[in-house]
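Student: What follows is a structure written as structure tokens; I'll ask about it next.
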Amino acid sequence: MPPTPAKLFNVTEIEPKDKFEEDLERCHSEISAITSGLSKTEAHDALTKHIGASTEQHEDVCNYFFYIILTEPNAAGDAYRDLTILSRDHLNGVMARLNQMLVDKMTKMTDACLNQVLWFSARLMRDACLGADTVCLFLMKNIQGGDLSHRNVRLTERVLDIFIDNRKWLDNDPVLLGLVVYTYIRLIVDHRDKRFEALRQKEVTFCISLLREKFMDCCGIGRDLLRLLQDVAHIPEFSALWKDMLFNPSVLSPKFTGIHQILSQRTQRKFISCRVTPEMENKINFLLSKVRFGLQKKYQEWFQKTYLSTVESQSLCADLIRYICAVIHPSNEILCSDICPRWAVIGWLLMQCKSNIAATNCKLALFYDWLMYQPEKDSIMNIEPAILVMYHNLKHHVAMTATLLDFLCRVQINFYPLLEPQIRQGISSSFRAILEKRVLPSLIPLLESNKLDRDLRALLTANFSEFMSKPEAIAAPPLPPQPPLPPTPPPTTVPEEILDLTEDDSGLEHDTLNGTDEPEFSDDDEIIQIKKNSGHVAQSLVTYPNVPDPQPENISDYLEVLDEDMVEMLKDLEKAEDDKERCSLVNSIGKHILRTERFEHAAPAAACLCSILHTNFIRHFMPDYSSESIQTALSRPLYVLFTLMTDPRHFSDNQSLSNVVAEMYERIPRIGYHLLLFLNFSTESYIRGSIYGDLAMSLELEISALLVKDAELCAQDDVWLLVHLLPVFYVEFKDDIMGNTKLLSLLLSVIDPFQLQHIASKIMMDEYQLLESECLQSVLEASFEWESFAQYGLWHLVNMHEFDVNEIIPIIRVLKNDHVEAATMLMQRVKKEKLTQEVVRIMYSCEPDTSPSTHHKADSFVTCTLYFFAMTSSQKLADITRTLLCKSNSTPTKPKRKSGGRDSSYPSIQNILRHLKQLYQRVDLKSNDFFSHDSLLDGLQHAYTLAFESERTEFSELFKLINDAGDSTSRRSRSKRSGLSSPISAAYHDSDDSDSEIKILSKRRRKLSSSSDTESD
């Protein structure tokens, strides 16, 4: 029997039938055999029984009806009705098959099958079936932009009619509504020919209706909505809409404030990807993830022939560029490989544009995310392709780069004059992000290229001078004006009591803060360790060995492997005595290394330079930290190498020099903090991280690890220098070092009170911050193991940062009896704060120390703090305690965290009562009225009703307060107004019957409530 012809998909004579269609045919033939010869009722009963047998049979029955819908238009209505009745998965299986057809097989689908797919989709929307929105999305994705073929135009109109007929259903789905608006505004541009006048008018009417009636839903599209509306602004209906958006925005929606509101909102990927067909998506993704760079030409030619061969298809290029920029973000693995990059494909698409309109739209699509770029919200991957297109095409396609740079200069003025400052700021932020993320090491080769004509370079200078070189940047740059620095403290002699502890005090009599004389001990074991108040031995003060200064060595062996020019310059450098001459020779050596295409002798060159320049690495190379001393230090030959590394003209080829400096670091690690000193006082901010990051990468270290290592070396040599380098650590490398406990511990272990006060003054003047809220708790907890002065210094700096007490006090959860420094400083801080519920909640949440030895030690932090508040704010503390007792659970609960990360759970009643019990044992009831406040007694009464018998016994002292207060005059008058006697007394005398106690208390509460109501009346 010959095979039946294909009905769903077009196939050639030599192609086999599609497996998808064969599977549907199999289901149709099998189920038809079951219903053959049966009446409708009998067939329905047979299919119901068949469906219940297994999941596979249910799927076969659904596929049977689905095949009838696709192939038999006359029977489709009955088949759809039976399908909705018999399906037990809400048509999920059938819609999955339908979506598969729309994604993978749309181009092969026959016209008859496509008609039935559209009919079926309309019925799904009419009945508001779950998942119909996904079907609509795939239908719209298959409408190809720039394609005026009969099939594509017909699909456009049929889908539009479906949405018009199901407008009420569409209005209930804001996301799908936005996708529909985005799609059809884009398609209006393609239908400008008179042949499509009726379709175009229908599209305009439909889109205007949605925009005016559901404007805020349409605003959810983001900034690309304005880009599309620009293309249709010449149409009268859209022109009127633009006038309302610009001059009368409230007419469209009371929530709409103006154009800037839409421009500042990034367009989500789903809107941009909906204008690229599934087949195009597969091809573009394959090209950018599988094809090696240099082999993409044949794939581009196929793509151009298939999708970009007609004049009208040029409008598709802008859609593809937006898709590549905003949707395709390659992984780091692909970025580091030889896979075809995004900028190459975008450059090819730009060259496909033959008309000025299409070219302008493509440029705008490429730079659109630059206009309102916000680093904290937008992705660097959205702006990366544009800068790389310009940079890489500068050599072979100068005209393209020049056109893009000219467009970028003019768009910030002409796009929307009222928002020119914000657009300029967005473009400048884009350039800064490009430099910070090292997309390009410098913009100077691009913006100052000699290949650009004079007028364009003048235009670039007028707009982007911030990112262009300055005349003085080539030589050693002058220092910026520095604030006056405090003088180096006078020599500090060691106290006599310390001298008495050493066997030989002769070496200590002339010890200074940073002097060259070092105290000598006969043995490490003789270092006296300071005992802390808690009884355990603290860490000893940080001491470093006396690291000798580097000495010259014989470099003849190293010279043998270097080229003649290099050897001659190194010999001249070795003989030179004048610093000016040595700087000139080092400059020549550095440039020689930069000019050498592949400099393979970094190690011997570094060895020679370290030996010859060994005097540049001595300790205490600056007598003080005045501007003159720093300028003198930076004029030494070593810093000429750093100047060459940071010269923007050498960014693209300075790897050889970076390797030499890395080899020098391996020999003399002090070069690390010398580089930090140079970067701190000599270069633009965006260069600092990149140069130092390159050094860390060459040494195979994380930036944070290298910073700590350099800080340790600097602390050994010159503590004041480390203090003056803190802005580099905590401003330029803030993201890498913030919260690093190793660096903070090191710093606070080596500084003295003069230096601590200097750091505090800089924090107070907001020059830098050593701590942030996110890392505060981890730093405080780590400080428990530091020596006492370091801990007190840390708390001094914490107070200088002015953290809210609620950000500090959670540390008490891990506070122990031997953490006396932290407890003391925290007491001082809390004592100065106003009493709040948040502070009391956190204190009550701590587990109380109930060990027997507690009473023989100093009172716990919580007890002392509660005692203070009970003496100064007893009424407020009582009110807060009552609130917490009434809101708390009888058993502890797991902490619940708010979005800010703080624990927001209420303490358990048991915890609160244990803290109150410890407080009760220390409070003098005659001189303090905290435990007699009615609000506290009400809270205790609530706790009593929830307590178990064992807990009533454990806290009997507290619960007895309710009874004692009932016998007092003030409590008696209150009970009289409520018509009550003393119910707790009765409960204590009849403790065997807990149910009766609860009934008595419940009765008391009801009487109290009714009495209060009577009084209010």
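FYI, nothing fancy with the structure tokens labels: chains A, B, ... in order, residues from 1 per chain, ligands from 1 as they appear.
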Excluding A:Ala605 and its own-chain neighbours fewer than 6 positions away, which residues fall within 9 Å of it when counting only C-alpha atoms? Please give them as a ChimeraX atom specification.

Tutor: /A:558-559,562,566,570,660,663-664

Student: When you look at stretch 137-144 of chain A with a cut-off of 9 Å (counting only C-alpha atoms), what residues show up, excluding the ones that are within fewer than 5 positions of it in the same chain? I need them as a list in words.

Tutor: Asn99, Leu102, Val103, Met106, Thr107, Leu118, Ser121, Ala132, Asn152, Val153, Leu155, Thr156, Val159, Leu176, Leu179, Val180, Thr183, Leu187, Ser273, Cys274, Arg275, Val276, Thr277, Pro278, Glu279 and Leu316 of chain A

Student: Give me a file of those residues, with N, CA, C and O atoms, as a tab-separated table (two decimals), in the first residue's frame.

Tutor:
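Printed below is result_26.tsv as written:
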chain	number	residue	atom	x	y	z
A	99	ASN	N	3.15	24.34	19.77
A	99	ASN	CA	4.31	25.22	19.91
A	99	ASN	C	5.54	24.64	19.22
A	99	ASN	O	6.34	25.38	18.63
A	102	LEU	N	5.26	25.50	15.62
A	102	LEU	CA	5.50	26.91	15.35
A	102	LEU	C	6.97	27.28	15.47
A	102	LEU	O	7.46	28.18	14.77
A	103	VAL	N	7.70	26.61	16.34
A	103	VAL	CA	9.11	26.94	16.55
A	103	VAL	C	9.99	26.25	15.52
A	103	VAL	O	10.89	26.85	14.93
A	106	MET	N	7.66	25.87	11.13
A	106	MET	CA	6.76	26.86	10.54
A	106	MET	C	7.06	27.06	9.06
A	106	MET	O	6.12	27.19	8.24
A	107	THR	N	8.32	27.09	8.69
A	107	THR	CA	8.65	27.36	7.29
A	107	THR	C	8.25	26.21	6.36
A	107	THR	O	8.07	26.42	5.16
A	118	LEU	N	-4.02	28.63	12.57
A	118	LEU	CA	-4.56	29.92	12.96
A	118	LEU	C	-5.98	29.79	13.50
A	118	LEU	O	-6.35	30.48	14.47
A	121	SER	N	-5.66	28.35	17.01
A	121	SER	CA	-5.14	29.36	17.94
A	121	SER	C	-6.23	30.35	18.32
A	121	SER	O	-6.32	30.77	19.49
A	132	ALA	N	-2.47	29.80	26.02
A	132	ALA	CA	-2.75	30.41	24.71
A	132	ALA	C	-1.83	31.59	24.43
A	132	ALA	O	-1.53	31.90	23.28
A	152	ASN	N	3.81	35.80	4.20
A	152	ASN	CA	4.13	36.54	5.42
A	152	ASN	C	3.12	37.66	5.68
A	152	ASN	O	2.70	37.87	6.83
A	153	VAL	N	2.71	38.38	4.62
A	153	VAL	CA	1.72	39.44	4.79
A	153	VAL	C	0.38	38.85	5.21
A	153	VAL	O	-0.32	39.41	6.08
A	155	LEU	N	-0.07	36.07	6.90
A	155	LEU	CA	0.06	35.67	8.30
A	155	LEU	C	-0.06	36.88	9.21
A	155	LEU	O	-0.73	36.82	10.26
A	156	THR	N	0.56	37.99	8.82
A	156	THR	CA	0.47	39.22	9.62
A	156	THR	C	-0.97	39.65	9.81
A	156	THR	O	-1.41	39.98	10.93
A	159	VAL	N	-3.18	37.04	11.97
A	159	VAL	CA	-2.89	37.13	13.42
A	159	VAL	C	-3.46	38.43	13.98
A	159	VAL	O	-4.01	38.45	15.09
A	176	LEU	N	1.61	40.19	27.19
A	176	LEU	CA	1.30	39.86	25.80
A	176	LEU	C	0.86	41.11	25.05
A	176	LEU	O	1.20	41.28	23.87
A	179	LEU	N	3.87	42.89	23.92
A	179	LEU	CA	4.51	42.19	22.80
A	179	LEU	C	3.77	42.44	21.50
A	179	LEU	O	4.39	42.61	20.44
A	180	VAL	N	2.44	42.49	21.57
A	180	VAL	CA	1.64	42.76	20.37
A	180	VAL	C	1.90	44.17	19.85
A	180	VAL	O	2.10	44.39	18.65
A	183	THR	N	5.36	44.41	18.31
A	183	THR	CA	5.44	43.72	17.03
A	183	THR	C	4.79	44.53	15.91
A	183	THR	O	5.38	44.75	14.84
A	187	LEU	N	6.00	46.41	12.41
A	187	LEU	CA	5.57	45.92	11.09
A	187	LEU	C	4.94	47.02	10.24
A	187	LEU	O	4.94	46.94	9.01
A	273	SER	N	13.60	39.99	21.34
A	273	SER	CA	13.71	38.70	20.64
A	273	SER	C	12.45	38.34	19.87
A	273	SER	O	12.49	37.50	18.97
A	274	CYS	N	11.32	38.97	20.19
A	274	CYS	CA	10.09	38.62	19.48
A	274	CYS	C	10.10	39.10	18.03
A	274	CYS	O	9.25	38.71	17.24
A	275	ARG	N	11.08	39.95	17.66
A	275	ARG	CA	11.16	40.40	16.27
A	275	ARG	C	12.19	39.61	15.46
A	275	ARG	O	12.58	40.02	14.38
A	276	VAL	N	12.63	38.51	15.99
A	276	VAL	CA	13.54	37.61	15.27
A	276	VAL	C	12.88	36.23	15.25
A	276	VAL	O	12.51	35.70	16.28
A	277	THR	N	12.71	35.67	14.05
A	277	THR	CA	12.02	34.40	13.93
A	277	THR	C	12.84	33.28	14.58
A	277	THR	O	14.07	33.39	14.71
A	278	PRO	N	12.18	32.20	15.00
A	278	PRO	CA	12.92	31.09	15.62
A	278	PRO	C	14.04	30.55	14.73
A	278	PRO	O	15.12	30.21	15.23
A	279	GLU	N	13.80	30.49	13.43
A	279	GLU	CA	14.84	29.99	12.53
A	279	GLU	C	16.04	30.93	12.50
A	279	GLU	O	17.20	30.49	12.53
A	316	LEU	N	15.29	44.78	8.50
A	316	LEU	CA	15.52	43.68	9.43
A	316	LEU	C	16.86	43.81	10.13
A	316	LEU	O	17.05	43.29	11.24

Student: Which residues come within 10 Å of A:Cys714, counting only C-alpha atoms, excluding same-chain residues fewer than 6 positions away, as a PyMOL selection string?

Tutor: chain A and resi 619-620+669-670+672-674+708+720-723+725

Student: How would the residues just chosen look if you wrote them out with N, CA and C atoms as an mmCIF file, in the first residue's frame?

Tutor:
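The result, written out as again-v1.cif:
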data_model
loop_
_atom_site.group_PDB
_atom_site.id
_atom_site.type_symbol
_atom_site.label_atom_id
_atom_site.label_comp_id
_atom_site.auth_asym_id
_atom_site.auth_seq_id
_atom_site.Cartn_x
_atom_site.Cartn_y
_atom_site.Cartn_z
ATOM 1 N N ARG A 619 64.179 50.894 52.624
ATOM 2 C CA ARG A 619 63.084 51.294 53.510
ATOM 3 C C ARG A 619 63.227 52.768 53.877
ATOM 4 N N HIS A 620 62.092 53.355 54.306
ATOM 5 C CA HIS A 620 62.067 54.735 54.787
ATOM 6 C C HIS A 620 62.710 55.672 53.779
ATOM 7 N N PRO A 669 59.701 42.080 46.292
ATOM 8 C CA PRO A 669 58.253 42.322 46.423
ATOM 9 C C PRO A 669 57.903 43.741 46.841
ATOM 10 N N ARG A 670 58.867 44.515 47.361
ATOM 11 C CA ARG A 670 58.571 45.895 47.746
ATOM 12 C C ARG A 670 58.074 46.731 46.574
ATOM 13 N N GLY A 672 55.665 46.278 44.883
ATOM 14 C CA GLY A 672 54.203 46.344 44.911
ATOM 15 C C GLY A 672 53.694 47.610 45.540
ATOM 16 N N TYR A 673 54.210 47.940 46.761
ATOM 17 C CA TYR A 673 53.692 49.167 47.377
ATOM 18 C C TYR A 673 54.286 50.414 46.737
ATOM 19 N N HIS A 674 55.431 50.303 46.068
ATOM 20 C CA HIS A 674 55.924 51.443 45.281
ATOM 21 C C HIS A 674 54.974 51.735 44.112
ATOM 22 N N VAL A 708 46.846 42.643 50.176
ATOM 23 C CA VAL A 708 47.214 42.282 51.550
ATOM 24 C C VAL A 708 48.711 42.007 51.650
ATOM 25 N N TRP A 720 53.633 54.611 58.399
ATOM 26 C CA TRP A 720 53.002 55.842 57.936
ATOM 27 C C TRP A 720 52.715 55.797 56.442
ATOM 28 N N LEU A 721 53.593 55.145 55.691
ATOM 29 C CA LEU A 721 53.337 55.015 54.256
ATOM 30 C C LEU A 721 52.078 54.184 54.016
ATOM 31 N N LEU A 722 51.914 53.111 54.786
ATOM 32 C CA LEU A 722 50.695 52.299 54.664
ATOM 33 C C LEU A 722 49.459 53.137 54.969
ATOM 34 N N VAL A 723 49.536 53.973 55.983
ATOM 35 C CA VAL A 723 48.396 54.823 56.344
ATOM 36 C C VAL A 723 48.048 55.766 55.201
ATOM 37 N N LEU A 725 48.561 55.228 52.102
ATOM 38 C CA LEU A 725 48.114 54.480 50.930
ATOM 39 C C LEU A 725 46.682 53.951 51.082
#

Student: Distance atom CA of A:Glu15-atom CA of A:Thr110, one decimal place?

Tutor: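 That distance, rounded to one decimal, is 15.3 Å.
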
Student: What is the distance, in Å and to one decimal place, between atom CA of A:Leu744 and atom CA of A:Tyr768?

Tutor: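 Taking atom CA of A:Leu744 and atom CA of A:Tyr768, their separation equals 14.0 Å.
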
Student: Which residue out of A:Gln755, A:Val94, A:Val345, A:Ile272 has the minimum interatomic distance to A:Val327 when only C-alpha atoms are used?

Tutor: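 Of all the options, A:Ile272 lies closest to A:Val327.
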
Student: Would you list the contacts of A:Leu676 as a PyMOL selection string, taking every protein, DNA or RNA residue within 9 Å and counting only C-alpha atoms, but skipping same-chain residues closer than 3 positions in sequence?

Tutor: chain A and resi 671-673+679-681+688+692+710+725+728-729

Student: Next, write the just-selected residues to a file, as a compact mmCIF listing (two decimals), in the first residue's frame, keeping all heavy atoms as the atom set.

Tutor:
# COMPACT_ATOMS: atom_id res chain seq x y z
N ILE A 671 58.34 46.28 45.37
CA ILE A 671 57.90 47.05 44.21
C ILE A 671 56.38 47.19 44.18
O ILE A 671 55.84 48.12 43.58
CB ILE A 671 58.41 46.37 42.90
CG1 ILE A 671 58.37 47.37 41.73
CG2 ILE A 671 57.59 45.13 42.57
CD1 ILE A 671 58.99 46.82 40.46
N GLY A 672 55.67 46.28 44.88
CA GLY A 672 54.20 46.34 44.91
C GLY A 672 53.69 47.61 45.54
O GLY A 672 52.86 48.33 44.98
N TYR A 673 54.21 47.94 46.76
CA TYR A 673 53.69 49.17 47.38
C TYR A 673 54.29 50.41 46.74
O TYR A 673 53.71 51.50 46.83
CB TYR A 673 53.84 49.14 48.90
CG TYR A 673 55.24 49.22 49.47
CD1 TYR A 673 55.95 50.40 49.48
CD2 TYR A 673 55.82 48.10 50.07
CE1 TYR A 673 57.22 50.49 50.04
CE2 TYR A 673 57.09 48.17 50.64
CZ TYR A 673 57.78 49.36 50.62
OH TYR A 673 59.02 49.45 51.20
N LEU A 679 50.56 54.95 41.67
CA LEU A 679 49.18 55.02 41.18
C LEU A 679 48.35 55.98 42.02
O LEU A 679 47.43 56.63 41.52
CB LEU A 679 48.56 53.62 41.18
CG LEU A 679 49.19 52.60 40.24
CD1 LEU A 679 48.54 51.23 40.42
CD2 LEU A 679 49.07 53.04 38.80
N ASN A 680 48.63 56.08 43.31
CA ASN A 680 47.85 56.94 44.20
C ASN A 680 48.04 58.41 43.85
O ASN A 680 47.09 59.20 43.89
CB ASN A 680 48.26 56.69 45.65
CG ASN A 680 47.40 57.48 46.63
OD1 ASN A 680 46.20 57.64 46.41
ND2 ASN A 680 47.99 57.96 47.70
N PHE A 681 49.26 58.80 43.48
CA PHE A 681 49.56 60.22 43.31
C PHE A 681 49.77 60.64 41.87
O PHE A 681 49.98 61.82 41.60
CB PHE A 681 50.82 60.58 44.10
CG PHE A 681 50.61 60.55 45.58
CD1 PHE A 681 51.08 59.50 46.34
CD2 PHE A 681 49.94 61.58 46.22
CE1 PHE A 681 50.88 59.47 47.71
CE2 PHE A 681 49.73 61.55 47.59
CZ PHE A 681 50.20 60.49 48.34
N ARG A 688 44.22 52.96 37.38
CA ARG A 688 44.83 52.33 38.55
C ARG A 688 44.50 50.86 38.65
O ARG A 688 45.39 50.01 38.75
CB ARG A 688 44.36 53.05 39.82
CG ARG A 688 44.83 54.49 39.88
CD ARG A 688 44.19 55.22 41.05
NE ARG A 688 44.59 56.61 41.06
CZ ARG A 688 44.02 57.54 41.81
NH1 ARG A 688 43.02 57.23 42.58
NH2 ARG A 688 44.44 58.78 41.76
N TYR A 692 47.35 47.64 38.10
CA TYR A 692 47.59 46.76 39.25
C TYR A 692 46.96 45.39 39.02
O TYR A 692 47.51 44.36 39.43
CB TYR A 692 47.03 47.41 40.51
CG TYR A 692 47.53 46.78 41.80
CD1 TYR A 692 48.80 47.07 42.28
CD2 TYR A 692 46.73 45.92 42.52
CE1 TYR A 692 49.26 46.51 43.46
CE2 TYR A 692 47.18 45.36 43.70
CZ TYR A 692 48.44 45.65 44.17
OH TYR A 692 48.89 45.09 45.33
N ASP A 710 51.13 43.25 49.76
CA ASP A 710 51.85 44.52 49.67
C ASP A 710 51.67 45.34 50.95
O ASP A 710 52.60 46.05 51.38
CB ASP A 710 51.36 45.32 48.47
CG ASP A 710 51.81 44.70 47.15
OD1 ASP A 710 52.79 43.93 47.17
OD2 ASP A 710 51.18 44.97 46.11
N LEU A 725 48.56 55.23 52.10
CA LEU A 725 48.11 54.48 50.93
C LEU A 725 46.68 53.95 51.08
O LEU A 725 46.15 53.35 50.15
CB LEU A 725 49.05 53.29 50.66
CG LEU A 725 50.43 53.63 50.11
CD1 LEU A 725 51.25 52.36 49.93
CD2 LEU A 725 50.33 54.38 48.79
N VAL A 728 44.10 54.36 48.25
CA VAL A 728 44.21 53.44 47.11
C VAL A 728 43.47 52.15 47.42
O VAL A 728 42.73 51.62 46.59
CB VAL A 728 45.70 53.14 46.79
CG1 VAL A 728 45.81 52.29 45.55
CG2 VAL A 728 46.46 54.43 46.62
N PHE A 729 43.67 51.63 48.63
CA PHE A 729 43.04 50.37 49.00
C PHE A 729 41.52 50.48 49.03
O PHE A 729 40.81 49.63 48.48
CB PHE A 729 43.54 49.92 50.39
CG PHE A 729 44.94 49.42 50.42
CD1 PHE A 729 46.01 50.27 50.61
CD2 PHE A 729 45.22 48.07 50.25
CE1 PHE A 729 47.30 49.82 50.63
CE2 PHE A 729 46.51 47.60 50.28
CZ PHE A 729 47.57 48.46 50.47
